[in-house]
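Heads up: the structure comes next, in structure tokens.
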Amino acid sequence: MESTIGKRQGRSERNDAIVTARVPAEIKKQGNAVLREIGSTPTELVNAAYRYVLKERELPKEASPLAGLAGQHRILSLEQKERVRNRVRRTTLNAPADWGSKSFKELLAEARDERYARLS
């Protein structure tokens, strides 16, 4: 069976079908604006999506903001390092010497009381 993926047909040769889909109104509005900017149409978008699914046998995946960063090392500035240190200090709970007989909830309550007492 010959594939018609990517082949353009003349209007008289077509056997078109209409696709109906629900899309949030704001996404449609913004998407149509971008399609106009790039000189395309919703019909071309739908056709491209179908061609993608036929070829890849899956839906397009949303790109992760971390895609392509695997294995790379990020170097923090001195300011960024200090902010990380400060956050760790603020979220670290130092256990008192007599903590063995107390539950975590009790220790947490004591730490909160101590911090709030300093704020008042």
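FYI, nothing fancy with the structure tokens labels: chains A, B, ... in order, residues from 1 per chain, ligands from 1 as they appear.
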Stretch 4-120 of chain A: residues DSSP assigns to alpha helix (DSSP H), reported as a PyMOL selection string: chain A and resi 25-37+42-56+78-91+104-119
Using only C-alpha atoms, which protein or nucleic acid residues come within 12 Å of A:Lys28? Drop anything in the same chain fewer than 6 positions from it, and give the result as a ChimeraX atom specification. /A:21-22,34-35,41-42,45
Using Å and a single decimal, report how far atom CA of A:Ala70 sits from atom CA of A:Tyr52.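 Atom CA of A:Tyr52 sits 25.6 Å away from atom CA of A:Ala70.
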